[in-house]
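Comments concern the structure below.
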Amino acid sequence: MDRILNYLKDGTQHNNNQEAKKLKLDGTKYLLIDGELHIRSYVKPLTKCLRPEEAQEVMEDEQKGECGTHACSRSLVMRILHQEFFWPNIHKDAQAFVEKCSQCQYYADMHRQPVGYLKPINSSWPFIV
Ligand SMILES: [Zn+2]
């Protein structure tokens, strides 16, 4: 994220031609507003990009805050995106965060029924509502 931020601030590019092309292509997805990095998307107009330490803080607030739910990682990501925050690898970081949280593991979905074969149910009166 810093390389994109530096590219947008100063226009500094990589010496490697292929890396410079990739940076230029990635830079088109981002926009710099008041020194803060925002990403463009089709769903929302602009989403603020967070640094790793800010991302950790947002995840902790979402999970353990007053309205924290200790939900699964996908739900955590959707809640963060709904607040218009984003960072690269948001799904991996949320998955790692949920795996470390003991309460998330405690309240996770569990199958309490034993594994067994499916049993067909026959209707005694077919085609009657
Ligand atoms: Zn949790």
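How things are named: the first chain in the structure tokens is A, the next is B, and so on; residues count from 1 in each chain; ligands count from 1 in the order shown.
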
Could you go through chain A and tell me which residues DSSP, when run on the backbone, assigns to strand (DSSP E), listing them as an MDAnalysis selection string? chainID A and resid 30:33 36:40 46:49 85:86

Writer output for current selection, C-alpha atoms, as a PDB file, in the first residue's frame:
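Saved to out_5.pdb:
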```
ATOM      1  CA  TYR A  30      -6.705   4.450  -6.069  1.00  0.00           C
ATOM      2  CA  LEU A  31      -7.245   8.121  -5.406  1.00  0.00           C
ATOM      3  CA  LEU A  32      -5.431  10.419  -2.987  1.00  0.00           C
ATOM      4  CA  ILE A  33      -7.680  12.789  -1.027  1.00  0.00           C
ATOM      5  CA  GLU A  36      -5.386   9.634   2.568  1.00  0.00           C
ATOM      6  CA  LEU A  37      -5.633   6.757   0.158  1.00  0.00           C
ATOM      7  CA  HIS A  38      -9.059   5.842  -1.200  1.00  0.00           C
ATOM      8  CA  ILE A  39      -9.937   3.006  -3.533  1.00  0.00           C
ATOM      9  CA  ARG A  40     -12.461   3.283  -6.324  1.00  0.00           C
ATOM     10  CA  LEU A  46     -14.828   5.808  -2.617  1.00  0.00           C
ATOM     11  CA  THR A  47     -13.608   3.605   0.192  1.00  0.00           C
ATOM     12  CA  LYS A  48     -10.877   4.651   2.595  1.00  0.00           C
ATOM     13  CA  CYS A  49      -7.783   2.435   2.662  1.00  0.00           C
ATOM     14  CA  PHE A  85     -13.061   0.898   5.034  1.00  0.00           C
ATOM     15  CA  PHE A  86     -10.779  -1.295   2.961  1.00  0.00           C
TER      16      PHE A  86
END
```

So that I can see what lies close to Glu62 (chain A), please list as a ChimeraX atom specification the residues with an atom at most 10 Å from it, counting only C-alpha atoms and leaving out residues fewer than 3 positions away in the same chain. /A:56-59,65-71,76-77,79-80

For the contact check between chain A and ligand 1, emit one row per residue of chain A within 12 Å, containing the shortest atom pair and the distance in Å rounded to one decimal, counting only C-alpha atoms and all ligand atoms, chain then rising number order, as JSON lines.
```
{"residue": "A:Met59", "atom": "CA", "partner": "ligand 1", "partner_atom_place_in_ligand_line": "1 (Zn)", "distance": 9.2}
{"residue": "A:Glu60", "atom": "CA", "partner": "ligand 1", "partner_atom_place_in_ligand_line": "1 (Zn)", "distance": 8.0}
{"residue": "A:Asp61", "atom": "CA", "partner": "ligand 1", "partner_atom_place_in_ligand_line": "1 (Zn)", "distance": 10.0}
{"residue": "A:Glu62", "atom": "CA", "partner": "ligand 1", "partner_atom_place_in_ligand_line": "1 (Zn)", "distance": 8.8}
{"residue": "A:Gln63", "atom": "CA", "partner": "ligand 1", "partner_atom_place_in_ligand_line": "1 (Zn)", "distance": 5.1}
{"residue": "A:Lys64", "atom": "CA", "partner": "ligand 1", "partner_atom_place_in_ligand_line": "1 (Zn)", "distance": 6.2}
{"residue": "A:Gly65", "atom": "CA", "partner": "ligand 1", "partner_atom_place_in_ligand_line": "1 (Zn)", "distance": 9.7}
{"residue": "A:Cys67", "atom": "CA", "partner": "ligand 1", "partner_atom_place_in_ligand_line": "1 (Zn)", "distance": 11.6}
{"residue": "A:Gly68", "atom": "CA", "partner": "ligand 1", "partner_atom_place_in_ligand_line": "1 (Zn)", "distance": 7.8}
{"residue": "A:Thr69", "atom": "CA", "partner": "ligand 1", "partner_atom_place_in_ligand_line": "1 (Zn)", "distance": 7.2}
{"residue": "A:His70", "atom": "CA", "partner": "ligand 1", "partner_atom_place_in_ligand_line": "1 (Zn)", "distance": 3.9}
{"residue": "A:Ala71", "atom": "CA", "partner": "ligand 1", "partner_atom_place_in_ligand_line": "1 (Zn)", "distance": 6.8}
{"residue": "A:Cys72", "atom": "CA", "partner": "ligand 1", "partner_atom_place_in_ligand_line": "1 (Zn)", "distance": 8.3}
{"residue": "A:Ser73", "atom": "CA", "partner": "ligand 1", "partner_atom_place_in_ligand_line": "1 (Zn)", "distance": 9.4}
{"residue": "A:Ser75", "atom": "CA", "partner": "ligand 1", "partner_atom_place_in_ligand_line": "1 (Zn)", "distance": 11.5}
{"residue": "A:Leu76", "atom": "CA", "partner": "ligand 1", "partner_atom_place_in_ligand_line": "1 (Zn)", "distance": 9.5}
{"residue": "A:Ala94", "atom": "CA", "partner": "ligand 1", "partner_atom_place_in_ligand_line": "1 (Zn)", "distance": 10.3}
{"residue": "A:Gln95", "atom": "CA", "partner": "ligand 1", "partner_atom_place_in_ligand_line": "1 (Zn)", "distance": 10.8}
{"residue": "A:Ala96", "atom": "CA", "partner": "ligand 1", "partner_atom_place_in_ligand_line": "1 (Zn)", "distance": 10.9}
{"residue": "A:Phe97", "atom": "CA", "partner": "ligand 1", "partner_atom_place_in_ligand_line": "1 (Zn)", "distance": 7.8}
{"residue": "A:Val98", "atom": "CA", "partner": "ligand 1", "partner_atom_place_in_ligand_line": "1 (Zn)", "distance": 5.8}
{"residue": "A:Glu99", "atom": "CA", "partner": "ligand 1", "partner_atom_place_in_ligand_line": "1 (Zn)", "distance": 8.4}
{"residue": "A:Lys100", "atom": "CA", "partner": "ligand 1", "partner_atom_place_in_ligand_line": "1 (Zn)", "distance": 8.0}
{"residue": "A:Cys101", "atom": "CA", "partner": "ligand 1", "partner_atom_place_in_ligand_line": "1 (Zn)", "distance": 4.7}
{"residue": "A:Ser102", "atom": "CA", "partner": "ligand 1", "partner_atom_place_in_ligand_line": "1 (Zn)", "distance": 6.5}
{"residue": "A:Gln103", "atom": "CA", "partner": "ligand 1", "partner_atom_place_in_ligand_line": "1 (Zn)", "distance": 5.0}
{"residue": "A:Cys104", "atom": "CA", "partner": "ligand 1", "partner_atom_place_in_ligand_line": "1 (Zn)", "distance": 3.9}
{"residue": "A:Gln105", "atom": "CA", "partner": "ligand 1", "partner_atom_place_in_ligand_line": "1 (Zn)", "distance": 7.4}
{"residue": "A:Tyr106", "atom": "CA", "partner": "ligand 1", "partner_atom_place_in_ligand_line": "1 (Zn)", "distance": 8.8}
{"residue": "A:Tyr107", "atom": "CA", "partner": "ligand 1", "partner_atom_place_in_ligand_line": "1 (Zn)", "distance": 8.6}
{"residue": "A:Ala108", "atom": "CA", "partner": "ligand 1", "partner_atom_place_in_ligand_line": "1 (Zn)", "distance": 9.5}
```

Given the selection you just returned, output its residues as a file containing C-alpha atoms, formatted as a PDB file, in the first residue's frame.
```pdb
ATOM      1  CA  MET A  59     -11.437  -5.249  13.408  1.00  0.00           C
ATOM      2  CA  GLU A  60     -11.160  -5.160  17.202  1.00  0.00           C
ATOM      3  CA  ASP A  61     -13.818  -2.450  17.417  1.00  0.00           C
ATOM      4  CA  GLU A  62     -16.133  -4.416  15.134  1.00  0.00           C
ATOM      5  CA  GLN A  63     -15.731  -7.670  17.006  1.00  0.00           C
ATOM      6  CA  LYS A  64     -15.193  -6.647  20.598  1.00  0.00           C
ATOM      7  CA  GLY A  65     -16.808  -3.205  20.716  1.00  0.00           C
ATOM      8  CA  CYS A  67     -21.976  -3.642  19.194  1.00  0.00           C
ATOM      9  CA  GLY A  68     -19.529  -6.480  18.556  1.00  0.00           C
ATOM     10  CA  THR A  69     -21.053  -9.741  17.482  1.00  0.00           C
ATOM     11  CA  HIS A  70     -18.107 -12.135  17.305  1.00  0.00           C
ATOM     12  CA  ALA A  71     -19.450 -13.298  13.974  1.00  0.00           C
ATOM     13  CA  CYS A  72     -17.600 -15.195  11.259  1.00  0.00           C
ATOM     14  CA  SER A  73     -14.874 -13.601   9.149  1.00  0.00           C
ATOM     15  CA  SER A  75     -19.598 -11.150   8.204  1.00  0.00           C
ATOM     16  CA  LEU A  76     -16.784  -9.125   9.750  1.00  0.00           C
ATOM     17  CA  ALA A  94     -10.253 -11.079   9.068  1.00  0.00           C
ATOM     18  CA  GLN A  95      -9.909 -14.870   8.897  1.00  0.00           C
ATOM     19  CA  ALA A  96      -6.717 -14.745  10.992  1.00  0.00           C
ATOM     20  CA  PHE A  97      -8.357 -12.364  13.472  1.00  0.00           C
ATOM     21  CA  VAL A  98     -11.404 -14.580  13.933  1.00  0.00           C
ATOM     22  CA  GLU A  99      -9.230 -17.679  14.364  1.00  0.00           C
ATOM     23  CA  LYS A 100      -7.312 -15.966  17.182  1.00  0.00           C
ATOM     24  CA  CYS A 101     -10.420 -14.713  19.034  1.00  0.00           C
ATOM     25  CA  SER A 102     -11.542 -17.251  21.636  1.00  0.00           C
ATOM     26  CA  GLN A 103     -15.112 -15.936  21.830  1.00  0.00           C
ATOM     27  CA  CYS A 104     -15.488 -16.141  18.058  1.00  0.00           C
ATOM     28  CA  GLN A 105     -14.450 -19.782  18.274  1.00  0.00           C
ATOM     29  CA  TYR A 106     -16.850 -20.393  21.163  1.00  0.00           C
ATOM     30  CA  TYR A 107     -19.878 -18.897  19.358  1.00  0.00           C
ATOM     31  CA  ALA A 108     -19.024 -20.309  15.931  1.00  0.00           C
TER      32      ALA A 108
END
```

Among chain A, which ones does DSSP assign to alpha helix (DSSP H) (computed from the backbone)? Answer as an MDAnalysis selection string. chainID A and resid 2:10 17:27 52:64 73:82 90:100 102:106

Would you put the residues from that selection into a file with C-alpha atoms, as a PDB file, in the first residue's frame?
```pdb
ATOM      1  CA  ASP A   2       2.920   2.325   0.702  1.00  0.00           C
ATOM      2  CA  ARG A   3       4.269   1.923  -2.812  1.00  0.00           C
ATOM      3  CA  ILE A   4       0.926   3.043  -4.262  1.00  0.00           C
ATOM      4  CA  LEU A   5       0.774   5.921  -1.789  1.00  0.00           C
ATOM      5  CA  ASN A   6       4.303   7.029  -2.737  1.00  0.00           C
ATOM      6  CA  TYR A   7       3.483   6.676  -6.416  1.00  0.00           C
ATOM      7  CA  LEU A   8       0.396   8.858  -6.099  1.00  0.00           C
ATOM      8  CA  LYS A   9       2.149  11.436  -3.887  1.00  0.00           C
ATOM      9  CA  ASP A  10       5.478  11.766  -5.649  1.00  0.00           C
ATOM     10  CA  ASN A  17       9.845  -1.855 -16.183  1.00  0.00           C
ATOM     11  CA  GLN A  18       7.349  -4.627 -15.417  1.00  0.00           C
ATOM     12  CA  GLU A  19       6.938  -3.478 -11.795  1.00  0.00           C
ATOM     13  CA  ALA A  20       6.495   0.113 -12.991  1.00  0.00           C
ATOM     14  CA  LYS A  21       3.701  -0.979 -15.348  1.00  0.00           C
ATOM     15  CA  LYS A  22       1.991  -2.919 -12.565  1.00  0.00           C
ATOM     16  CA  LEU A  23       2.294   0.037 -10.198  1.00  0.00           C
ATOM     17  CA  LYS A  24       0.866   2.376 -12.814  1.00  0.00           C
ATOM     18  CA  LEU A  25      -2.053  -0.011 -13.413  1.00  0.00           C
ATOM     19  CA  ASP A  26      -2.688  -0.426  -9.683  1.00  0.00           C
ATOM     20  CA  GLY A  27      -2.457   3.322  -9.186  1.00  0.00           C
ATOM     21  CA  PRO A  52      -2.364  -2.524   8.985  1.00  0.00           C
ATOM     22  CA  GLU A  53      -2.407  -1.042  12.485  1.00  0.00           C
ATOM     23  CA  GLU A  54      -5.593   0.910  11.723  1.00  0.00           C
ATOM     24  CA  ALA A  55      -7.112  -2.212  10.205  1.00  0.00           C
ATOM     25  CA  GLN A  56      -6.384  -4.188  13.362  1.00  0.00           C
ATOM     26  CA  GLU A  57      -8.053  -1.476  15.434  1.00  0.00           C
ATOM     27  CA  VAL A  58     -11.148  -1.457  13.214  1.00  0.00           C
ATOM     28  CA  MET A  59     -11.437  -5.249  13.408  1.00  0.00           C
ATOM     29  CA  GLU A  60     -11.160  -5.160  17.202  1.00  0.00           C
ATOM     30  CA  ASP A  61     -13.818  -2.450  17.417  1.00  0.00           C
ATOM     31  CA  GLU A  62     -16.133  -4.416  15.134  1.00  0.00           C
ATOM     32  CA  GLN A  63     -15.731  -7.670  17.006  1.00  0.00           C
ATOM     33  CA  LYS A  64     -15.193  -6.647  20.598  1.00  0.00           C
ATOM     34  CA  SER A  73     -14.874 -13.601   9.149  1.00  0.00           C
ATOM     35  CA  ARG A  74     -17.081 -13.035   6.109  1.00  0.00           C
ATOM     36  CA  SER A  75     -19.598 -11.150   8.204  1.00  0.00           C
ATOM     37  CA  LEU A  76     -16.784  -9.125   9.750  1.00  0.00           C
ATOM     38  CA  VAL A  77     -15.496  -8.174   6.299  1.00  0.00           C
ATOM     39  CA  MET A  78     -18.946  -7.137   5.123  1.00  0.00           C
ATOM     40  CA  ARG A  79     -19.460  -4.982   8.206  1.00  0.00           C
ATOM     41  CA  ILE A  80     -16.101  -3.287   7.673  1.00  0.00           C
ATOM     42  CA  LEU A  81     -16.769  -2.716   3.969  1.00  0.00           C
ATOM     43  CA  HIS A  82     -20.194  -1.318   4.854  1.00  0.00           C
ATOM     44  CA  ILE A  90      -8.909  -7.829   4.161  1.00  0.00           C
ATOM     45  CA  HIS A  91     -10.325 -11.357   3.910  1.00  0.00           C
ATOM     46  CA  LYS A  92      -7.086 -13.046   5.038  1.00  0.00           C
ATOM     47  CA  ASP A  93      -6.650 -10.638   7.931  1.00  0.00           C
ATOM     48  CA  ALA A  94     -10.253 -11.079   9.068  1.00  0.00           C
ATOM     49  CA  GLN A  95      -9.909 -14.870   8.897  1.00  0.00           C
ATOM     50  CA  ALA A  96      -6.717 -14.745  10.992  1.00  0.00           C
ATOM     51  CA  PHE A  97      -8.357 -12.364  13.472  1.00  0.00           C
ATOM     52  CA  VAL A  98     -11.404 -14.580  13.933  1.00  0.00           C
ATOM     53  CA  GLU A  99      -9.230 -17.679  14.364  1.00  0.00           C
ATOM     54  CA  LYS A 100      -7.312 -15.966  17.182  1.00  0.00           C
ATOM     55  CA  SER A 102     -11.542 -17.251  21.636  1.00  0.00           C
ATOM     56  CA  GLN A 103     -15.112 -15.936  21.830  1.00  0.00           C
ATOM     57  CA  CYS A 104     -15.488 -16.141  18.058  1.00  0.00           C
ATOM     58  CA  GLN A 105     -14.450 -19.782  18.274  1.00  0.00           C
ATOM     59  CA  TYR A 106     -16.850 -20.393  21.163  1.00  0.00           C
TER      60      TYR A 106
END
```

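Nearest to Leu50 (chain A) of all the residues A:Asp34, A:Gln13, A:Gln83, A:Met1 is A:Met1, counting only C-alpha atoms.
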